[in-house]
>>> print(open('upload23.tsv').read())   # TSV, C-alpha atoms
chain	number	residue	atom	x	y	z
P	1	MET	CA	77.42	90.28	68.68
P	2	ASN	CA	75.07	89.68	65.72
P	3	TRP	CA	73.08	92.89	65.91
P	4	ILE	CA	70.53	91.86	63.27
P	5	LEU	CA	69.49	88.81	65.31
P	6	PHE	CA	69.53	90.94	68.46
P	7	PHE	CA	67.11	93.50	67.00
P	8	ILE	CA	64.82	90.77	65.63
P	9	PHE	CA	64.72	89.19	69.06
P	10	ILE	CA	64.01	92.54	70.76
P	11	PHE	CA	61.29	93.31	68.20
P	12	PHE	CA	59.59	89.98	68.99
P	13	ILE	CA	59.80	90.52	72.77
P	14	ASP	CA	58.37	94.03	72.54
P	15	PHE	CA	55.41	93.24	70.32
P	16	TYR	CA	54.52	89.92	71.94
P	17	SER	CA	54.68	91.30	75.49
P	18	TYR	CA	52.60	94.33	74.47
P	19	LYS	CA	49.62	91.97	74.12
P	20	SER	CA	49.20	91.98	77.89
P	21	ILE	CA	49.22	95.77	78.12
P	22	LYS	CA	46.86	96.20	75.17
P	23	ASN	CA	44.44	93.76	76.76
P	24	ILE	CA	44.07	96.12	79.73
P	25	ASN	CA	44.48	99.56	78.16
P	26	LYS	CA	44.37	100.37	74.46
P	27	SER	CA	45.35	104.01	74.89
P	28	LYS	CA	47.46	105.30	72.01
P	29	ILE	CA	49.49	107.43	74.42
P	30	LEU	CA	50.38	104.31	76.42
P	31	LYS	CA	51.21	102.43	73.24
P	32	TYR	CA	53.51	105.14	71.90
P	33	SER	CA	55.17	105.61	75.31
P	34	TYR	CA	55.78	101.87	75.62
P	35	PHE	CA	57.56	101.60	72.29
P	36	MET	CA	59.36	104.94	72.61
P	37	ILE	CA	60.91	103.96	75.95
P	38	SER	CA	61.90	100.60	74.49
P	39	LEU	CA	63.52	102.32	71.53
P	40	ILE	CA	65.52	104.65	73.80
P	41	VAL	CA	66.75	101.80	76.03
P	42	VAL	CA	67.77	99.60	73.08
P	43	PHE	CA	69.42	102.45	71.18
P	44	TYR	CA	71.36	103.50	74.32
P	45	PHE	CA	72.60	99.92	74.75
P	46	PHE	CA	73.59	99.70	71.08
P	47	LEU	CA	75.36	103.07	71.18
P	48	GLU	CA	77.41	102.29	74.28
P	49	TYR	CA	78.52	98.87	73.07
P	50	LYS	CA	79.54	100.20	69.67
P	51	ILE	CA	81.20	103.46	70.70
P	52	GLN	CA	82.40	103.12	74.31
P	53	PRO	CA	83.05	99.43	74.91
P	54	ASN	CA	84.94	99.95	78.19
P	55	SER	CA	82.94	102.71	79.89
P	56	TYR	CA	80.77	102.73	82.99
P	57	ASN	CA	77.92	103.68	80.67
P	58	LYS	CA	78.29	100.32	78.94
P	59	SER	CA	77.44	98.56	82.21
P	60	LEU	CA	74.62	100.99	82.89
P	61	SER	CA	73.13	100.43	79.44
P	62	LEU	CA	73.24	96.66	79.98
P	63	GLY	CA	71.63	97.06	83.39
P	64	LEU	CA	68.80	99.15	81.94
P	65	LEU	CA	68.30	96.67	79.11
P	66	ILE	CA	67.97	93.79	81.58
P	67	ALA	CA	65.77	95.84	83.93
P	68	PHE	CA	63.35	96.75	81.12
P	69	TYR	CA	63.31	93.44	79.25
P	70	SER	CA	63.32	90.82	82.02
P	71	PRO	CA	59.72	91.87	82.92
P	72	LYS	CA	58.78	91.57	79.26
P	73	PHE	CA	60.06	87.99	79.27
P	74	ILE	CA	57.51	87.25	81.97
P	75	LEU	CA	54.74	88.81	79.89
P	76	VAL	CA	55.89	86.80	76.86
P	77	LEU	CA	55.74	83.64	78.96
P	78	PHE	CA	52.18	84.39	80.11
P	79	ASN	CA	51.07	85.21	76.57
P	80	LEU	CA	52.76	82.11	75.22
P	81	ILE	CA	51.06	79.84	77.74
P	82	GLU	CA	47.68	81.39	76.95
P	83	ASP	CA	48.27	81.13	73.19
P	84	ILE	CA	49.26	77.47	73.48
P	85	PHE	CA	46.11	76.84	75.50
P	86	ARG	CA	43.96	78.60	72.90
P	87	PHE	CA	45.69	76.76	70.05
P	88	LEU	CA	45.05	73.36	71.65
P	89	ILE	CA	41.37	74.21	72.14
P	90	SER	CA	41.16	75.37	68.52
P	91	VAL	CA	42.67	72.09	67.28
P	92	TYR	CA	40.32	70.13	69.50
P	93	ASN	CA	37.31	72.06	68.15
P	94	ARG	CA	38.26	71.32	64.56
P	95	LEU	CA	38.62	67.62	65.23
P	96	SER	CA	35.61	67.16	67.51
P	97	LYS	CA	31.92	66.92	66.83
P	98	ARG	CA	29.94	70.12	66.78
P	99	SER	CA	28.15	69.22	70.02
P	100	MET	CA	31.47	68.89	71.85
P	101	VAL	CA	33.00	72.19	70.75
P	102	ILE	CA	34.61	74.25	73.53
P	103	LYS	CA	33.97	77.94	73.25
P	104	LEU	CA	37.20	79.92	73.09
P	105	PRO	CA	37.33	82.58	75.80
P	106	SER	CA	38.37	86.09	74.89
P	107	ARG	CA	41.78	87.13	76.06
P	108	ARG	CA	41.34	87.45	79.78
P	109	LYS	CA	42.24	90.65	81.57
P	110	PHE	CA	42.96	88.67	84.73
P	111	ILE	CA	45.82	86.81	83.05
P	112	SER	CA	47.24	90.06	81.70
P	113	LYS	CA	46.97	91.78	85.08
P	114	LEU	CA	48.63	88.82	86.81
P	115	GLY	CA	51.46	88.84	84.27
P	116	ILE	CA	52.03	92.58	84.63
P	117	GLY	CA	51.94	92.29	88.42
P	118	LEU	CA	54.61	89.59	88.43
P	119	ALA	CA	56.65	91.40	85.78
P	120	SER	CA	56.79	94.51	87.96
P	121	ILE	CA	58.80	92.62	90.61
P	122	PRO	CA	62.05	92.25	88.60
P	123	PHE	CA	61.55	95.70	87.07
P	124	VAL	CA	61.38	97.44	90.44
P	125	SER	CA	64.06	95.20	91.99
P	126	LEU	CA	66.63	95.66	89.23
P	127	ASN	CA	66.19	99.43	89.04
P	128	LEU	CA	66.35	99.71	92.82
P	129	GLY	CA	69.45	97.51	92.77
P	130	MET	CA	71.22	99.91	90.39
P	131	VAL	CA	70.26	103.00	92.38
P	132	TRP	CA	70.45	101.77	95.98
P	133	GLY	CA	71.53	98.13	96.17
P	134	LYS	CA	75.06	98.65	94.87
P	135	ASN	CA	75.80	100.95	97.85
P	136	ASN	CA	73.99	98.91	100.52
P	137	ILE	CA	77.27	97.78	102.09
P	138	LYS	CA	77.14	95.16	104.81
P	139	VAL	CA	79.88	94.70	107.41
P	140	LEU	CA	80.05	90.98	108.16
P	141	ASN	CA	81.88	89.97	111.34
P	142	TYR	CA	83.36	86.52	111.88
P	143	THR	CA	85.37	84.96	114.70
P	144	LEU	CA	87.44	81.96	113.60
P	145	PHE	CA	89.30	79.58	115.89
P	146	PHE	CA	92.64	77.93	115.09
P	147	ASP	CA	94.71	75.30	116.91
P	148	ASN	CA	98.08	76.63	115.74
P	149	LEU	CA	97.54	80.39	115.94
P	150	PRO	CA	100.56	82.09	117.59
P	151	SER	CA	99.49	83.37	121.01
P	152	SER	CA	100.54	86.95	120.21
P	153	PHE	CA	97.95	87.02	117.42
P	154	ASP	CA	95.05	85.84	119.58
P	155	GLY	CA	92.38	88.48	118.88
P	156	PHE	CA	94.14	89.76	115.75
P	157	LYS	CA	91.54	91.45	113.54
P	158	LEU	CA	91.65	91.73	109.77
P	159	THR	CA	89.42	93.45	107.24
P	160	GLN	CA	89.00	91.94	103.79
P	161	ILE	CA	87.66	93.89	100.82
P	162	SER	CA	87.58	92.76	97.21
P	163	ASP	CA	86.45	93.39	93.62
P	164	LEU	CA	86.19	97.16	93.55
P	165	HIS	CA	86.03	97.33	89.72
P	166	ALA	CA	86.96	101.01	89.53
P	167	GLY	CA	85.65	101.30	85.98
P	168	ASN	CA	82.11	100.86	87.34
P	169	LEU	CA	82.39	103.48	90.09
P	170	ASP	CA	80.38	106.63	89.48
P	171	ASP	CA	80.24	108.67	92.71
P	172	LEU	CA	83.21	109.98	94.70
P	173	ASP	CA	81.11	110.66	97.81
P	174	ASP	CA	79.95	107.04	97.88
P	175	LEU	CA	83.55	105.86	97.74
P	176	GLU	CA	84.54	108.30	100.52
P	177	ARG	CA	81.85	106.83	102.76
P	178	THR	CA	83.01	103.31	101.89
P	179	VAL	CA	86.61	104.09	102.82
P	180	GLN	CA	85.48	105.66	106.10
P	181	LEU	CA	83.41	102.56	106.87
P	182	ILE	CA	86.38	100.29	106.19
P	183	ASN	CA	88.72	102.34	108.38
P	184	SER	CA	86.14	102.53	111.17
P	185	GLN	CA	86.47	98.77	111.73
P	186	ASN	CA	89.86	99.54	113.34
P	187	SER	CA	91.34	96.27	112.13
P	188	ASP	CA	95.02	95.44	112.51
P	189	VAL	CA	95.39	94.87	108.77
P	190	ILE	CA	93.45	95.34	105.53
P	191	PHE	CA	93.55	92.86	102.65
P	192	PHE	CA	92.31	93.62	99.15
P	193	THR	CA	91.81	90.39	97.19
P	194	GLY	CA	91.83	91.46	93.55
P	195	ASP	CA	89.95	93.06	90.64
P	196	LEU	CA	90.78	96.67	91.39
P	197	VAL	CA	89.81	97.62	87.81
P	198	ASN	CA	87.71	96.25	84.98
P	199	ASN	CA	90.33	96.41	82.23
P	200	GLU	CA	92.52	99.50	82.29
P	201	ALA	CA	94.74	101.05	84.95
P	202	ASP	CA	93.51	104.56	84.15
P	203	GLU	CA	90.08	103.65	85.51
P	204	LEU	CA	91.70	104.29	88.91
P	205	ILE	CA	92.76	107.89	88.31
P	206	PRO	CA	89.63	109.62	89.73
P	207	TRP	CA	89.66	107.44	92.84
P	208	ILE	CA	93.34	107.23	93.86
P	209	THR	CA	93.26	110.08	96.39
P	210	THR	CA	90.24	108.62	98.19
P	211	LEU	CA	91.55	105.04	98.16
P	212	SER	CA	94.88	106.25	99.58
P	213	LYS	CA	93.01	107.06	102.81
P	214	LEU	CA	92.66	103.35	103.59
P	215	SER	CA	94.86	102.58	106.58
P	216	ALA	CA	95.60	99.91	109.17
P	217	LYS	CA	98.44	99.77	111.68
P	218	ASP	CA	99.93	96.57	110.23
P	219	GLY	CA	99.48	97.61	106.61
P	220	VAL	CA	97.22	97.34	103.58
P	221	TYR	CA	98.04	94.40	101.31
P	222	SER	CA	96.67	93.50	97.90
P	223	ILE	CA	96.76	90.86	95.19
P	224	LEU	CA	95.57	90.81	91.58
P	225	GLY	CA	92.36	89.42	90.14
P	226	ASN	CA	91.56	88.19	86.66
P	227	HIS	CA	90.39	91.65	85.50
P	228	ASP	CA	93.61	93.39	86.57
P	229	TYR	CA	95.76	91.95	83.77
P	230	GLY	CA	93.94	93.64	80.90
P	231	ASP	CA	93.07	90.30	79.32
P	232	TYR	CA	89.49	91.27	78.45
P	233	ARG	CA	90.11	94.01	75.94
P	234	SER	CA	92.02	94.32	72.69
P	235	TRP	CA	95.33	96.21	72.86
P	236	PRO	CA	97.03	97.80	69.85
P	237	THR	CA	100.24	95.99	70.76
P	238	ASP	CA	101.61	93.72	73.49
P	239	LEU	CA	103.75	96.64	74.60
P	240	GLU	CA	100.63	98.72	75.32
P	241	LYS	CA	99.24	95.94	77.46
P	242	LYS	CA	102.51	95.68	79.39
P	243	LYS	CA	102.55	99.45	79.92
P	244	ASN	CA	99.01	99.27	81.28
P	245	PHE	CA	100.01	96.52	83.71
P	246	ALA	CA	103.06	98.50	84.87
P	247	LYS	CA	100.82	101.51	85.38
P	248	LEU	CA	98.40	99.46	87.48
P	249	LYS	CA	101.22	98.39	89.78
P	250	LYS	CA	102.38	102.00	90.06
P	251	TYR	CA	98.87	103.15	90.98
P	252	GLN	CA	98.57	100.43	93.62
P	253	LYS	CA	101.77	101.70	95.21
P	254	LYS	CA	100.47	105.28	95.03
P	255	ILE	CA	97.28	104.20	96.82
P	256	GLY	CA	99.39	102.63	99.54
P	257	PHE	CA	98.72	98.99	98.74
P	258	ASP	CA	101.55	96.53	99.28
P	259	LEU	CA	100.94	94.44	96.16
P	260	ILE	CA	102.03	90.81	96.65
P	261	LEU	CA	102.86	89.04	93.40
P	262	ASN	CA	103.57	85.34	94.04
P	263	ASP	CA	105.41	86.36	97.18
P	264	SER	CA	104.96	86.63	100.93
P	265	ARG	CA	105.14	89.11	103.79
P	266	PHE	CA	105.43	88.72	107.56
P	267	ILE	CA	103.62	90.57	110.32
P	268	TYR	CA	105.47	90.48	113.64
P	269	LYS	CA	103.96	90.76	117.08
P	270	GLY	CA	105.35	89.84	120.51
P	271	GLY	CA	108.32	87.98	119.05
P	272	GLN	CA	106.05	85.85	116.86
P	273	LYS	CA	105.05	86.15	113.22
P	274	LEU	CA	102.16	85.60	110.88
P	275	ALA	CA	102.84	84.86	107.20
P	276	ILE	CA	100.84	86.56	104.44
P	277	VAL	CA	101.05	84.61	101.17
P	278	GLY	CA	99.80	86.35	98.03
P	279	VAL	CA	99.42	84.56	94.71
P	280	GLU	CA	98.51	85.99	91.35
P	281	ASN	CA	95.27	84.86	89.74
P	282	TRP	CA	94.55	81.13	89.60
P	283	SER	CA	91.48	79.87	87.80
P	284	ASN	CA	89.96	76.96	85.93
P	285	ALA	CA	88.23	79.26	83.48
P	286	PHE	CA	90.74	82.10	82.98
P	287	ARG	CA	94.45	82.45	82.41
P	288	LYS	CA	96.62	81.22	85.29
P	289	TYR	CA	99.34	83.45	86.73
P	290	ALA	CA	99.68	81.92	90.20
P	291	ASP	CA	102.85	80.21	91.43
P	292	LEU	CA	102.29	79.01	94.97
P	293	SER	CA	105.70	77.37	95.28
P	294	LEU	CA	107.40	80.66	94.40
P	295	ALA	CA	105.12	82.56	96.78
P	296	THR	CA	106.11	80.34	99.72
P	297	LYS	CA	109.88	80.28	99.18
P	298	LYS	CA	110.47	82.27	102.38
P	299	ILE	CA	107.80	80.41	104.37
P	300	LYS	CA	108.41	77.59	106.84
P	301	SER	CA	105.94	74.74	107.16
P	302	THR	CA	105.40	75.68	110.81
P	303	ASP	CA	104.44	79.29	110.03
P	304	PHE	CA	100.80	80.26	110.46
P	305	LYS	CA	99.73	81.32	106.97
P	306	ILE	CA	96.98	83.47	105.54
P	307	LEU	CA	96.66	82.90	101.79
P	308	LEU	CA	95.33	85.63	99.51
P	309	SER	CA	94.02	84.08	96.28
P	310	HIS	CA	91.41	85.87	94.18
P	311	ASP	CA	89.45	82.92	92.78
P	312	PRO	CA	87.94	80.45	95.32
P	313	THR	CA	88.35	77.56	92.90
P	314	HIS	CA	92.05	77.70	93.81
P	315	TRP	CA	91.10	76.68	97.35
P	316	GLN	CA	88.75	74.00	96.04
P	317	LYS	CA	91.10	72.46	93.48
P	318	LYS	CA	94.53	72.94	95.08
P	319	ILE	CA	94.58	74.10	98.70
P	320	LEU	CA	92.07	71.55	100.01
P	321	LEU	CA	93.82	68.74	98.17
P	322	GLY	CA	97.36	69.77	99.14
P	323	GLU	CA	99.32	68.65	102.16
P	324	ASP	CA	100.54	72.13	103.12
P	325	ASP	CA	98.72	73.82	105.96
P	326	TYR	CA	96.83	76.97	104.97
P	327	PRO	CA	94.53	77.64	107.93
P	328	LEU	CA	92.84	80.63	106.27
P	329	THR	CA	92.36	81.60	102.62
P	330	LEU	CA	90.76	84.87	101.54
P	331	SER	CA	89.13	85.07	98.09
P	332	GLY	CA	86.64	87.15	96.14
P	333	HIS	CA	85.86	87.01	92.41
P	334	THR	CA	82.26	85.68	92.50
P	335	HIS	CA	80.56	88.89	93.74
P	336	GLY	CA	78.11	86.45	95.31
P	337	GLY	CA	76.46	86.61	91.91
P	338	GLN	CA	75.22	90.18	92.68
P	339	PHE	CA	71.67	88.86	92.43
P	340	GLY	CA	70.07	86.34	94.74
P	341	ILE	CA	68.29	85.74	98.02
P	342	GLU	CA	70.07	85.81	101.34
P	343	ILE	CA	68.50	85.57	104.80
P	344	PRO	CA	71.36	85.18	107.31
P	345	GLY	CA	71.16	81.86	109.12
P	346	TYR	CA	68.31	80.55	106.97
P	347	LEU	CA	68.79	80.91	103.23
P	348	LYS	CA	71.61	81.75	100.82
P	349	TRP	CA	71.02	81.30	97.11
P	350	SER	CA	72.24	82.80	93.86
P	351	PRO	CA	72.53	81.46	90.31
P	352	VAL	CA	76.31	81.81	90.66
P	353	LYS	CA	76.28	78.66	92.84
P	354	TRP	CA	75.78	76.65	89.66
P	355	ARG	CA	79.26	77.74	88.58
P	356	TYR	CA	81.12	78.05	91.90
P	357	LYS	CA	80.80	75.55	94.71
P	358	TYR	CA	82.19	78.10	97.18
P	359	TRP	CA	80.67	81.43	96.27
P	360	ALA	CA	79.96	83.59	99.35
P	361	GLY	CA	80.87	83.64	103.02
P	362	ILE	CA	82.82	81.33	105.32
P	363	TYR	CA	83.52	77.68	104.52
P	364	LYS	CA	85.46	75.12	106.56
P	365	GLU	CA	86.77	71.77	105.34
P	366	LYS	CA	89.70	69.63	106.48
P	367	ASN	CA	90.36	72.15	109.26
P	368	LYS	CA	90.95	74.88	106.66
P	369	TYR	CA	88.87	78.05	106.37
P	370	LEU	CA	87.91	79.97	103.26
P	371	ASN	CA	86.18	83.34	103.14
P	372	VAL	CA	84.67	84.33	99.80
P	373	ASN	CA	84.05	88.07	99.97
P	374	ARG	CA	81.00	89.26	97.99
P	375	GLY	CA	82.95	92.28	96.74
P	376	LEU	CA	82.44	96.03	96.96
P	377	GLY	CA	81.88	96.75	93.29
P	378	THR	CA	79.95	95.38	90.37
P	379	THR	CA	80.69	94.02	86.95
P	380	ALA	CA	78.52	93.71	83.83
P	381	VAL	CA	75.37	95.11	85.49
P	382	PRO	CA	76.02	98.04	87.90
P	383	GLY	CA	73.61	96.87	90.57
P	384	ARG	CA	72.89	94.34	93.29
P	385	VAL	CA	69.67	92.68	94.41
P	386	GLY	CA	69.63	90.50	97.53
P	387	ILE	CA	73.41	89.97	97.53
P	388	TRP	CA	74.90	93.14	98.96
P	389	PRO	CA	78.42	94.62	98.76
P	390	GLU	CA	80.55	93.42	101.64
P	391	ILE	CA	83.28	94.32	104.08
P	392	SER	CA	84.51	91.19	105.88
P	393	VAL	CA	85.92	91.61	109.38
P	394	ILE	CA	87.57	88.47	110.73
P	395	THR	CA	88.92	88.04	114.24
P	396	LEU	CA	91.48	85.26	114.73
P	397	LYS	CA	91.21	83.36	117.99
P	398	SER	CA	93.24	80.53	119.48
P	399	SER	CA	91.34	77.32	120.16
P	400	ASN	CA	93.53	76.86	123.23
P	401	ASN	CA	91.83	79.79	124.94
P	402	VAL	CA	88.27	78.56	124.40
>>> encode(input="upload23.tsv", output="structure tokens")
Amino acid sequence: MNWILFFIFIFFIDFYSYKSIKNINKSKILKYSYFMISLIVVFYFFLEYKIQPNSYNKSLSLGLLIAFYSPKFILVLFNLIEDIFRFLISVYNRLSKRSMVIKLPSRRKFISKLGIGLASIPFVSLNLGMVWGKNNIKVLNYTLFFDNLPSSFDGFKLTQISDLHAGNLDDLDDLERTVQLINSQNSDVIFFTGDLVNNEADELIPWITTLSKLSAKDGVYSILGNHDYGDYRSWPTDLEKKKNFAKLKKYQKKIGFDLILNDSRFIYKGGQKLAIVGVENWSNAFRKYADLSLATKKIKSTDFKILLSHDPTHWQKKILLGEDDYPLTLSGHTHGGQFGIEIPGYLKWSPVKWRYKYWAGIYKEKNKYLNVNRGLGTTAVPGRVGIWPEISVITLKSSNNV
């Protein structure tokens, strides 16, 4: 990051947005408080990015920076519109006859008050999202019907969780409640669909004992996400990166996760079986580790398959276009964007939809289902607004019994 340009930009935002506040209240105490708080927020962000580039505090500092400066962008916009308006009138006055001069109004308090009122919305929302929204977990229940579901698995219930990002966790009690909520769904199986950490395996150490309490009678299975490989930080040597990856796999085993790496597992019930296929990360934008052909070596074409694949673009680009039958794919990765508007049954929107066609919830095309879990954790900014953390509970039903 070019810090000189960053500070110039911040300086401009602070002084230009202060116009609106000064127009309403010229108190020196307010002025000094405004700039002192800004200085603290910016210095905290700078300090965390320079000294602790992989800490939870880095995400918190970014969240505070966005929470404090997104409202100022709104004030800048209001001031800019008013200044352009005043400039155009000034130009007109210089070019027009004296009898046609338009008197320039003084800076209007109404405009400033309106700008501050609108700016308070993102300020309150973002701060609330970092304090409360990130723990506002929603349990979403779905019942999906399949033509070829083995009869013994009619009513089989699975829980999907995803994107914990252990490096951004900050409260053990919150995680304890989350684990209890997951277990209370009493599902037959639990699937974790990637991004257990941000970058380093050791992020898991404070949380292993609590995560090991996750349980389901037919097992707890996991796959890897793009963050789990350590690709987003610099390592002293390739050997250090490999050691980190080995440690991550060891921790997953210690938690009780059955980590599936381009492989498959079977769940048996009533003389029938259900195939669990787990691929490593596949992505258009990030490094590809997935090998679906290797993962299905032990699978027959007639087996009912549940595919675990972290990034939903895999379903979009490969699974939908392939001839093999994958009735259900479980993905995560998008976090639902963490910020957006969602009114169940009426509206679902987030800026992340501009990048991912399939970004949250259940999709069905070509008789194949995809669930994109919104994730339990956060990345970049440690908060959520409108798009809440999610536990997906899916019940499999046979179409023949409808």
>>> residues_around(input="upload23.tsv", residues="Ser399 of chain P", least_positions_apart="2", cutoff="8 Å", atoms="only C-alpha atoms", output="JSON list (two decimals) with C-alpha atoms, in the coordinates of the input")
[["chain", "number", "residue", "atom", "x", "y", "z"],
["P", 145, "PHE", "CA", 89.30, 79.58, 115.89],
["P", 146, "PHE", "CA", 92.64, 77.93, 115.09],
["P", 147, "ASP", "CA", 94.71, 75.30, 116.91],
["P", 397, "LYS", "CA", 91.21, 83.36, 117.99],
["P", 401, "ASN", "CA", 91.83, 79.79, 124.94],
["P", 402, "VAL", "CA", 88.27, 78.56, 124.40]]
>>> closest_residue(input="upload23.tsv", among="P:Leu175, P:Ile182, P:Leu396, P:Ile37", to="Trp207 of chain P", atoms="only C-alpha atoms")
P:Leu175
>>> residues_around(input="upload23.tsv", residues="Ala216 of chain P", least_positions_apart="2", cutoff="6 Å", atoms="only C-alpha atoms", output="PyMOL selection string")
chain P and resi 188-189+218-219
>>> residues_around(input="upload23.tsv", residues="Asp325 of chain P", least_positions_apart="2", cutoff="8 Å", atoms="all atoms listed in the file", output="VMD selection string")
chain P and resid 301 305 323 327 368
>>> write_last_selection(input="upload23.tsv", atoms="C-alpha atoms", output="mmCIF file, in the frame of the given file")
data_model
loop_
_atom_site.group_PDB
_atom_site.id
_atom_site.type_symbol
_atom_site.label_atom_id
_atom_site.label_comp_id
_atom_site.auth_asym_id
_atom_site.auth_seq_id
_atom_site.Cartn_x
_atom_site.Cartn_y
_atom_site.Cartn_z
ATOM 1 C CA SER P 301 105.940 74.740 107.160
ATOM 2 C CA LYS P 305 99.730 81.320 106.970
ATOM 3 C CA GLU P 323 99.320 68.650 102.160
ATOM 4 C CA PRO P 327 94.530 77.640 107.930
ATOM 5 C CA LYS P 368 90.950 74.880 106.660
#
>>> residues_around(input="upload23.tsv", residues="Gly361 of chain P", least_positions_apart="3", cutoff="8 Å", atoms="all atoms listed in the file", output="list of chain:residue names")
P:Leu370, P:Asn371, P:Val372, P:Asn373, P:Arg374
>>> atom_distance(input="upload23.tsv", atom1="atom CA of Tyr69 of chain P", atom2="atom CA of Ile343 of chain P")
27.2 Å
>>> closest_residue(input="upload23.tsv", among="P:Ser187, P:Ser293, P:Ser215, P:Ser309", to="Thr159 of chain P", atoms="only C-alpha atoms")
P:Ser187
>>> closest_atom_pairs(input="upload23.tsv", of="segment 226-267 of chain P", to="segment 280-287 of chain P", cutoff="10 Å", atoms="all atoms listed in the file", output="JSON lines")
{"residue": "P:Asn226", "atom": "CA", "partner": "P:Asn281", "partner_atom": "CA", "distance": 5.9}
{"residue": "P:His227", "atom": "CA", "partner": "P:Asn281", "partner_atom": "CA", "distance": 9.4}
{"residue": "P:Asp228", "atom": "CA", "partner": "P:Asn281", "partner_atom": "CA", "distance": 9.3}
{"residue": "P:Tyr229", "atom": "CA", "partner": "P:Asn281", "partner_atom": "CA", "distance": 9.3}
{"residue": "P:Asp231", "atom": "CA", "partner": "P:Arg287", "partner_atom": "CA", "distance": 8.5}
{"residue": "P:Ile260", "atom": "CA", "partner": "P:Glu280", "partner_atom": "CA", "distance": 8.0}
{"residue": "P:Leu261", "atom": "CA", "partner": "P:Glu280", "partner_atom": "CA", "distance": 5.7}
{"residue": "P:Asn262", "atom": "CA", "partner": "P:Glu280", "partner_atom": "CA", "distance": 5.8}
{"residue": "P:Asp263", "atom": "CA", "partner": "P:Glu280", "partner_atom": "CA", "distance": 9.0}
>>> residues_around(input="upload23.tsv", residues="Gly337 of chain P", least_positions_apart="2", cutoff="9 Å", atoms="only C-alpha atoms", output="VMD selection string")
chain P and resid 334 to 335 339 to 340 350 to 353 359 to 360 374 384 387
>>> atom_distance(input="upload23.tsv", atom1="atom CA of Gln160 of chain P", atom2="atom CA of Tyr369 of chain P")
14.1 Å
>>> axis_aligned_box(input="upload23.tsv", around="segment 141-153 of chain P", padding_each_side="4 Å", output="lines of an AutoDock Vina configuration file")
center_x = 91.2
center_y = 82.6
center_z = 116.2
size_x = 26.7
size_y = 22.7
size_z = 17.7
>>> atom_distance(input="upload23.tsv", atom1="atom CA of Leu149 of chain P", atom2="atom CA of Val393 of chain P")
17.4 Å
>>> closest_residue(input="upload23.tsv", among="P:Asn244, P:Thr178, P:Ser70, P:Ser222", to="Lys134 of chain P", atoms="all atoms listed in the file")
P:Thr178
>>> closest_residue(input="upload23.tsv", among="P:Val197, P:Ala119, P:Leu88, P:Ile299", to="Lys249 of chain P", atoms="only C-alpha atoms")
P:Val197
